[in-house]
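Novice: Got a structure for you, work_9.txt, holding compact mmCIF, C-alpha atoms.
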# COMPACT_ATOMS: atom_id res chain seq x y z
CA MET A 237 -4.28 12.48 9.21
CA ILE A 238 -2.74 12.25 5.76
CA SER A 239 -2.14 16.01 5.78
CA VAL A 240 -0.31 15.72 9.11
CA ILE A 241 2.06 13.13 7.68
CA SER A 242 2.46 15.10 4.45
CA ASP A 243 3.43 18.25 6.33
CA PHE A 244 5.95 16.29 8.35
CA TYR A 245 7.64 14.80 5.31
CA SER A 246 7.69 18.03 3.38
CA ARG A 247 10.14 19.20 6.05
CA PHE A 248 12.01 15.93 6.50
CA ARG A 249 15.47 15.67 4.92
CA PRO A 250 14.96 18.60 2.55
CA GLY A 251 16.77 18.46 -0.76
CA LYS A 252 17.56 14.74 -0.60
CA LYS A 253 16.73 12.96 -3.80
CA GLY A 254 15.62 9.78 -2.12
CA ASN A 255 12.10 9.60 -3.43
CA GLY A 256 11.45 6.15 -4.83
CA GLN A 257 9.28 7.52 -7.61
CA GLN A 258 12.09 9.75 -8.89
CA GLN A 259 14.63 6.96 -9.12
CA GLN A 260 12.31 4.23 -10.32
CA LYS A 261 11.89 5.99 -13.69
CA GLN A 262 15.50 5.23 -14.49
CA GLN A 263 14.78 1.50 -14.59
CA GLN A 264 11.81 -0.20 -16.18
CA PRO A 265 10.48 -3.67 -15.37
CA PRO A 266 11.67 -6.49 -17.65
CA ALA A 267 8.07 -6.89 -18.80
CA PRO A 268 4.77 -5.16 -18.01
CA ALA A 269 2.79 -6.71 -15.21
CA PRO A 270 -0.73 -8.06 -15.92
CA ARG A 271 -3.51 -5.50 -15.70
CA GLY A 272 -6.34 -5.35 -13.22
CA GLY A 273 -6.62 -8.15 -10.69
CA GLN A 274 -5.21 -10.96 -12.83
CA ASN A 275 -1.93 -11.33 -10.96
CA ASN A 276 -0.97 -7.71 -10.79
CA GLY A 277 2.73 -7.95 -11.37
CA GLY A 278 3.87 -10.23 -8.62
CA GLY A 279 3.81 -13.74 -7.29
CA TYR A 280 3.51 -14.98 -3.73
CA ASN A 281 5.83 -17.59 -2.31
CA PRO A 282 4.23 -19.04 0.83
CA PRO A 283 6.38 -19.81 3.86
CA GLN A 284 8.39 -23.02 3.61
CA PRO A 285 9.22 -25.38 6.47
CA GLY A 286 12.86 -24.21 6.50
CA ILE A 287 14.31 -20.71 6.44
CA MET A 288 15.94 -19.52 3.25
CA PRO A 289 19.68 -19.04 3.87
CA THR A 290 19.69 -15.71 2.07
CA SER A 291 16.74 -14.26 3.96
CA PRO A 292 17.75 -11.07 5.79
CA THR A 293 15.47 -12.08 8.67
CA THR A 294 17.10 -15.46 9.34
CA ALA A 295 19.09 -14.18 12.33
CA ARG A 296 15.90 -12.92 14.01
CA VAL A 297 13.75 -16.02 13.58
CA ALA A 298 13.59 -16.76 17.31
CA ALA A 299 13.04 -13.13 18.29
CA LYS A 300 9.76 -11.27 18.41
CA PRO A 301 9.57 -8.78 15.53
CA LEU A 302 10.53 -5.31 16.63
CA PHE A 303 7.33 -3.78 15.29
CA LEU A 304 5.29 -5.99 17.68
CA CYS A 305 7.21 -4.87 20.77
CA LYS A 306 6.00 -2.19 23.16
CA PRO A 307 6.04 0.76 23.16
CA PHE A 308 6.52 0.79 19.36
CA VAL A 309 3.36 -1.16 18.51
CA THR A 310 1.22 1.32 20.45
CA SER A 311 2.79 4.40 18.89
CA GLN A 312 0.37 6.32 16.64
CA LEU A 313 -0.37 9.91 15.73
CA VAL A 314 -4.10 9.38 16.18
CA LYS A 315 -5.59 8.02 19.40
CA GLY A 316 -8.80 6.09 19.06
CA SER A 317 -10.56 4.65 16.04
CA PHE A 318 -9.69 5.63 12.46
CA SER A 319 -13.28 4.96 11.32
CA THR A 320 -14.25 8.58 10.79
CA ILE A 321 -11.55 9.17 8.17
CA VAL A 322 -12.26 6.13 5.98
CA VAL A 323 -16.03 6.26 5.62
CA LEU A 324 -17.39 7.42 2.27
CA PRO A 325 -18.41 11.10 2.61
CA LYS A 326 -21.97 12.03 1.82
CA TYR A 327 -22.60 12.94 -1.83
CA VAL A 328 -19.13 11.76 -2.92
CA ASP A 329 -18.90 9.15 -5.67
CA GLN A 330 -17.28 5.94 -4.42
CA GLY A 331 -14.96 5.81 -7.43
CA GLU A 332 -13.70 9.31 -6.67
CA TRP A 333 -13.14 8.36 -3.01
CA LEU A 334 -11.22 5.23 -3.98
CA ALA A 335 -9.09 7.11 -6.51
CA LEU A 336 -8.23 9.89 -4.05
CA ASN A 337 -7.23 7.52 -1.26
CA VAL A 338 -5.28 5.12 -3.47
CA PHE A 339 -3.28 8.07 -4.80
CA GLU A 340 -2.67 9.47 -1.30
CA PHE A 341 -1.57 6.10 0.10
CA PHE A 342 0.75 5.58 -2.85
CA ASP A 343 2.26 9.03 -2.43
CA MET A 344 2.86 8.60 1.30
CA LEU A 345 4.26 5.07 0.97
CA ASN A 346 6.58 6.33 -1.77
CA ARG A 347 7.82 9.03 0.62
CA PHE A 348 8.49 6.52 3.38
CA TYR A 349 10.38 4.28 0.99
CA GLY A 350 12.44 7.30 -0.03
CA VAL A 351 13.45 7.73 3.62
CA ILE A 352 14.79 4.15 4.04
CA GLN A 353 15.83 3.62 0.42
CA GLU A 354 19.55 4.02 1.08
CA PHE A 355 19.40 1.04 3.46
CA CYS A 356 17.41 -1.17 1.08
CA THR A 357 20.18 -2.42 -1.22
CA PRO A 358 20.69 -5.65 -3.18
CA ARG A 359 23.33 -6.64 -0.64
CA ASN A 360 21.15 -6.00 2.42
CA CYS A 361 17.92 -7.21 0.80
CA PRO A 362 18.75 -9.90 -1.81
CA SER A 363 15.06 -10.86 -2.00
CA MET A 364 11.69 -9.18 -1.49
CA SER A 365 11.38 -10.63 1.99
CA ALA A 366 8.31 -10.13 4.18
CA GLY A 367 9.30 -12.25 7.15
CA PRO A 368 11.17 -15.52 7.79
CA GLY A 369 10.94 -17.84 4.80
CA LEU A 370 8.50 -15.62 2.90
CA ASP A 371 9.52 -13.91 -0.34
CA TYR A 372 7.58 -12.25 -3.14
CA SER A 373 8.50 -12.82 -6.77
CA TRP A 374 7.93 -10.73 -9.89
CA LEU A 375 6.22 -12.25 -12.94
CA ASP A 376 7.73 -11.59 -16.34
CA ALA A 377 5.83 -11.44 -19.65
CA ASN A 378 5.74 -15.24 -19.79
CA ARG A 379 4.40 -15.39 -16.23
CA LYS A 380 7.67 -16.85 -15.06
CA PRO A 381 8.45 -15.86 -11.44
CA LEU A 382 11.64 -13.86 -11.00
CA ARG A 383 13.41 -13.61 -7.66
CA LEU A 384 14.52 -10.00 -7.51
CA PRO A 385 16.38 -7.96 -4.88
CA ALA A 386 13.94 -5.95 -2.80
CA PRO A 387 14.99 -2.52 -4.14
CA THR A 388 14.51 -3.72 -7.71
CA TYR A 389 11.15 -5.29 -6.92
CA ILE A 390 9.95 -2.14 -5.14
CA GLU A 391 11.10 0.12 -7.98
CA TYR A 392 9.15 -2.05 -10.43
CA VAL A 393 6.08 -1.91 -8.16
CA LEU A 394 6.22 1.87 -7.77
CA GLN A 395 6.60 2.34 -11.51
CA TRP A 396 3.81 -0.16 -12.21
CA ILE A 397 1.45 1.71 -9.88
CA SER A 398 2.50 5.11 -11.20
CA ASN A 399 1.75 4.02 -14.77
CA ARG A 400 -1.79 3.08 -13.80
CA ILE A 401 -2.51 6.16 -11.72
CA ASN A 402 -1.34 8.35 -14.61
CA ASP A 403 -3.40 6.42 -17.16
CA GLU A 404 -6.42 8.55 -18.04
CA THR A 405 -8.39 5.49 -19.13
CA ILE A 406 -8.13 4.05 -15.59
CA PHE A 407 -7.91 7.15 -13.38
CA PRO A 408 -9.69 9.83 -15.43
CA THR A 409 -9.24 13.45 -14.42
CA LYS A 410 -11.99 14.85 -16.63
CA ALA A 411 -15.62 15.01 -15.55
CA ALA A 412 -17.84 12.13 -16.61
CA PRO A 413 -20.64 12.71 -19.15
CA THR A 414 -24.00 13.67 -17.67
CA ALA A 415 -26.80 11.14 -17.40
CA THR A 416 -28.64 12.90 -20.24
CA THR A 417 -25.64 12.63 -22.55
CA SER A 418 -25.19 8.97 -21.70
CA ALA A 419 -28.81 8.23 -22.50
CA VAL A 420 -28.54 9.95 -25.88
CA THR A 421 -25.40 8.00 -26.81
CA GLY A 422 -27.00 4.73 -25.76
CA ALA A 423 -24.74 4.01 -22.79
CA SER A 424 -25.06 0.59 -21.16
CA SER A 425 -27.40 0.23 -18.19
CA GLU A 426 -24.85 -1.96 -16.44
CA THR A 427 -23.49 -0.44 -13.24
CA TRP A 428 -20.16 -0.69 -11.43
CA ILE A 429 -18.23 1.20 -8.78
CA GLY A 430 -17.10 4.54 -10.17
CA LYS A 431 -19.27 4.49 -13.27
CA ASP A 432 -20.95 7.80 -12.41
CA GLY A 433 -17.53 9.37 -11.95
CA GLY A 434 -16.31 8.22 -15.37
CA PHE A 435 -14.18 5.32 -14.10
CA PRO A 436 -13.88 2.17 -16.23
CA GLN A 437 -15.50 -1.15 -15.43
CA GLN A 438 -12.17 -2.68 -14.29
CA PHE A 439 -11.44 0.23 -11.94
CA GLN A 440 -12.18 -1.63 -8.71
CA SER A 441 -10.07 -4.66 -9.69
CA THR A 442 -7.21 -2.30 -10.61
CA CYS A 443 -7.45 -0.65 -7.19
CA LYS A 444 -7.28 -4.07 -5.55
CA ALA A 445 -4.19 -4.96 -7.58
CA ILE A 446 -2.51 -1.69 -6.60
CA TYR A 447 -3.46 -2.19 -2.96
CA LYS A 448 -1.97 -5.68 -2.91
CA GLN A 449 1.36 -4.42 -4.22
CA MET A 450 1.43 -1.52 -1.75
CA PHE A 451 0.82 -3.95 1.10
CA ARG A 452 3.89 -5.93 0.03
CA VAL A 453 6.03 -2.81 0.34
CA PHE A 454 4.60 -2.17 3.81
CA ALA A 455 5.38 -5.77 4.78
CA HIS A 456 8.98 -5.52 3.58
CA ILE A 457 9.60 -2.27 5.43
CA TYR A 458 8.08 -3.58 8.66
CA HIS A 459 9.99 -6.87 8.60
CA THR A 460 13.32 -5.61 7.31
CA HIS A 461 13.70 -1.88 7.94
CA PHE A 462 11.61 -1.09 11.01
CA ASP A 463 14.79 -0.50 13.01
CA LYS A 464 15.59 2.38 10.64
CA ILE A 465 12.08 3.73 11.12
CA LEU A 466 12.68 3.70 14.88
CA HIS A 467 16.10 5.30 14.55
CA MET A 468 14.48 8.27 12.80
CA SER A 469 11.57 8.38 15.31
CA LEU A 470 9.00 7.76 12.57
CA GLU A 471 7.20 4.76 14.08
CA ALA A 472 4.10 6.78 15.04
CA HIS A 473 3.80 8.17 11.51
CA PHE A 474 4.38 4.80 9.83
CA ASN A 475 1.99 2.92 12.14
CA SER A 476 -0.70 5.55 11.63
CA LEU A 477 -0.37 5.36 7.86
CA PHE A 478 -0.59 1.56 7.95
CA VAL A 479 -3.64 1.53 10.26
CA HIS A 480 -5.36 4.01 7.95
CA PHE A 481 -4.37 1.89 4.92
CA ILE A 482 -5.76 -1.33 6.44
CA HIS A 483 -8.93 0.28 7.77
CA PHE A 484 -9.68 1.72 4.34
CA SER A 485 -9.08 -1.68 2.71
CA ARG A 486 -11.57 -3.27 5.11
CA ASN A 487 -14.21 -0.68 4.39
CA PHE A 488 -13.98 -1.21 0.62
CA GLU A 489 -12.80 -4.87 0.48
CA LEU A 490 -9.50 -4.17 -1.27
CA LEU A 491 -7.41 -6.96 0.28
CA GLU A 492 -7.99 -10.70 0.68
CA GLN A 493 -7.25 -12.47 3.95
CA ARG A 494 -4.27 -14.29 2.44
CA ASP A 495 -2.80 -10.96 1.25
CA VAL A 496 -2.35 -9.65 4.81
CA GLU A 497 -0.83 -12.82 6.29
CA PRO A 498 2.73 -11.39 6.65
CA LEU A 499 1.43 -8.67 9.01
CA ARG A 500 -1.58 -10.44 10.49
CA ALA A 501 -0.15 -10.34 14.05
CA LEU A 502 0.36 -6.57 13.78
CA ILE A 503 -3.14 -6.01 12.42
CA GLU A 504 -4.63 -8.11 15.22
CA ASN A 505 -2.68 -6.07 17.76
CA PHE A 506 -4.05 -2.85 16.29
CA GLU A 507 -7.51 -4.40 16.44
CA GLU A 508 -7.07 -5.13 20.15
CA GLN A 509 -6.15 -1.49 20.66
CA GLY A 510 -9.51 -0.50 19.19
CA LEU A 511 -8.06 1.29 16.17
CA PHE A 512 -10.56 -0.32 13.79
CA ARG A 513 -13.60 0.06 16.03
CA GLU A 514 -16.57 1.61 14.29
CA SER A 515 -17.86 4.79 15.86
CA SER A 516 -21.37 6.21 15.52
CA SER A 517 -20.05 9.23 13.60
CA SER A 518 -18.36 6.95 11.07
CA ARG A 519 -21.59 5.31 9.92
CA PRO A 520 -22.61 6.73 6.54
CA ALA A 521 -25.72 8.83 6.68
CA ALA A 522 -28.61 8.00 4.41
CA GLN A 523 -28.38 10.03 1.23
CA VAL A 524 -31.58 11.71 0.14
Could you render the structure as structure tokens?
Specialist:
Amino acid sequence: MISVISDFYSRFRPGKKGNGQQQQKQQQPPAPAPRGGQNNGGGYNPPQPGIMPTSPTTARVAAKPLFLCKPFVTSQLVKGSFSTIVVLPKYVDQGEWLALNVFEFFDMLNRFYGVIQEFCTPRNCPSMSAGPGLDYSWLDANRKPLRLPAPTYIEYVLQWISNRINDETIFPTKAAPTATTSAVTGASSETWIGKDGGFPQQFQSTCKAIYKQMFRVFAHIYHTHFDKILHMSLEAHFNSLFVHFIHFSRNFELLEQRDVEPLRALIENFEEQGLFRESSSSRPAAQV
């Protein structure tokens, strides 16, 4: 499914320099975000009783979100369950599978942001809004929350994720030492996800931190820019990517329940459609 979306976007708006990853390198965050799962670069401001006057969604408070309306909510590239494309393949290290999928999701989300980036401006999106009265904040080096315009916040997030994916100590590209070599060098007997593939002990927590930040970008696009997605007839592609993203997170426990609250209604709708249903072919076979 990822290859289908990739092929589509390789032909979409050729030559336009709208990729978020290209522009985000021009501006660095005011301070590096915490590593791993500590607070991973952002804060969460829960919904307040009243609506923030500057929220771009204030005018639509009484209306049902566009992404929950039919036929848009039922528009996907793949019909049926996504289970078969998220299960860990036989004989593949779980760390390698996590690394591959995190990179692919990041790449595709970056492409989608590049498509709507010209509409996501400080004037249109003065805060990182993810629904009425809900805004995300960025934490500086002193852990002080900063209320940033959405494009600035997203650029910081994309750069923050890119730095970690390109860090060889977190996402190694070289083969891990063999078991024999590890025994000779006195390697620890402690185990963790990705150890056999050469991934560090904090690898899983780093993936969770990355996943949380990617979800926030999804939430902002759905709540604030879904009309642009519809205008370009990309709702099936975007919905399919998000279903795949959520199904993968469920399989490998990458998101907490409170993390998905801004899009809980959408996720529940997808669940009712049977998009997360486990199929017999998706159950991992016993490895001999």
Novice: Counting only C-alpha atoms, which of A:Ile406, A:Ser317, A:His459, A:Leu470 gets nearest to Val351 in chain A?
Specialist: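 Comparing A:Ile406, A:Ser317, A:His459, A:Leu470 against Val351 in chain A, the winner is A:Leu470.
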Novice: Residues of range 369-458 of chain A that have any atom at most 12 Å from an atom of range 480-501 of chain A: could you tabulate them with the shortest-distance atom pair and the distance in Å to one decimal, using only C-alpha atoms, ordered by chain and increasing number, as a tab-separated table?
Specialist:
residue	atom	partner	partner_atom	distance
A:Gly369	CA	A:Pro498	CA	10.6
A:Leu370	CA	A:Pro498	CA	8.1
A:Asp371	CA	A:Pro498	CA	10.1
A:Tyr372	CA	A:Pro498	CA	11.0
A:Ile429	CA	A:Phe488	CA	10.6
A:Phe439	CA	A:Leu490	CA	11.7
A:Gln440	CA	A:Leu490	CA	8.3
A:Ser441	CA	A:Leu490	CA	8.5
A:Thr442	CA	A:Leu490	CA	9.8
A:Cys443	CA	A:Leu490	CA	7.2
A:Lys444	CA	A:Leu490	CA	4.8
A:Ala445	CA	A:Leu490	CA	8.3
A:Ile446	CA	A:Leu490	CA	9.1
A:Tyr447	CA	A:Leu490	CA	6.6
A:Lys448	CA	A:Leu491	CA	6.4
A:Gln449	CA	A:Asp495	CA	9.5
A:Met450	CA	A:Phe481	CA	9.5
A:Phe451	CA	A:Val496	CA	7.5
A:Arg452	CA	A:Asp495	CA	8.5
A:Val453	CA	A:Pro498	CA	11.2
A:Phe454	CA	A:Leu499	CA	8.9
A:Ala455	CA	A:Leu499	CA	6.5
A:His456	CA	A:Pro498	CA	9.1
A:Ile457	CA	A:Leu499	CA	11.0
A:Tyr458	CA	A:Leu499	CA	8.4
Novice: In Å to one decimal, how far is CA of His461 in chain A from CA of Pro362 in chain A?
Specialist: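 For CA of Pro362 in chain A relative to CA of His461 in chain A, the distance reads 13.6 Å.
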Novice: From the set A:Phe342, A:Glu507, A:Met468, A:Leu336, which residue has the shortest atom-to-atom contact distance to Trp396 in chain A, counting all atoms listed in the file?
Specialist: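 Of A:Phe342, A:Glu507, A:Met468, A:Leu336, the one nearest Trp396 in chain A, counting all atoms listed in the file, is A:Phe342.
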Novice: Using all atoms listed in the file, which of A:Leu304, A:Ile503, A:Leu324, A:Ala335 sits nearest Pro436 in chain A?
Specialist: A:Ala335
Novice: Could you check how far CA of Ser363 in chain A sits from CA of Asn378 in chain A, in Å to one decimal?
Specialist: 20.6 Å
Novice: In Å, rounded to a single decimal, give me how far CA of Thr320 in chain A is from CA of Lys410 in chain A.
Specialist: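 One can read the CA of Lys410 in chain A to CA of Thr320 in chain A distance as 28.2 Å.
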Novice: Rank nothing, just name the residue among A:Arg379, A:Lys315, A:His467, A:Arg400 nearest to Ile352 in chain A, using all atoms listed in the file.
Specialist: A:His467
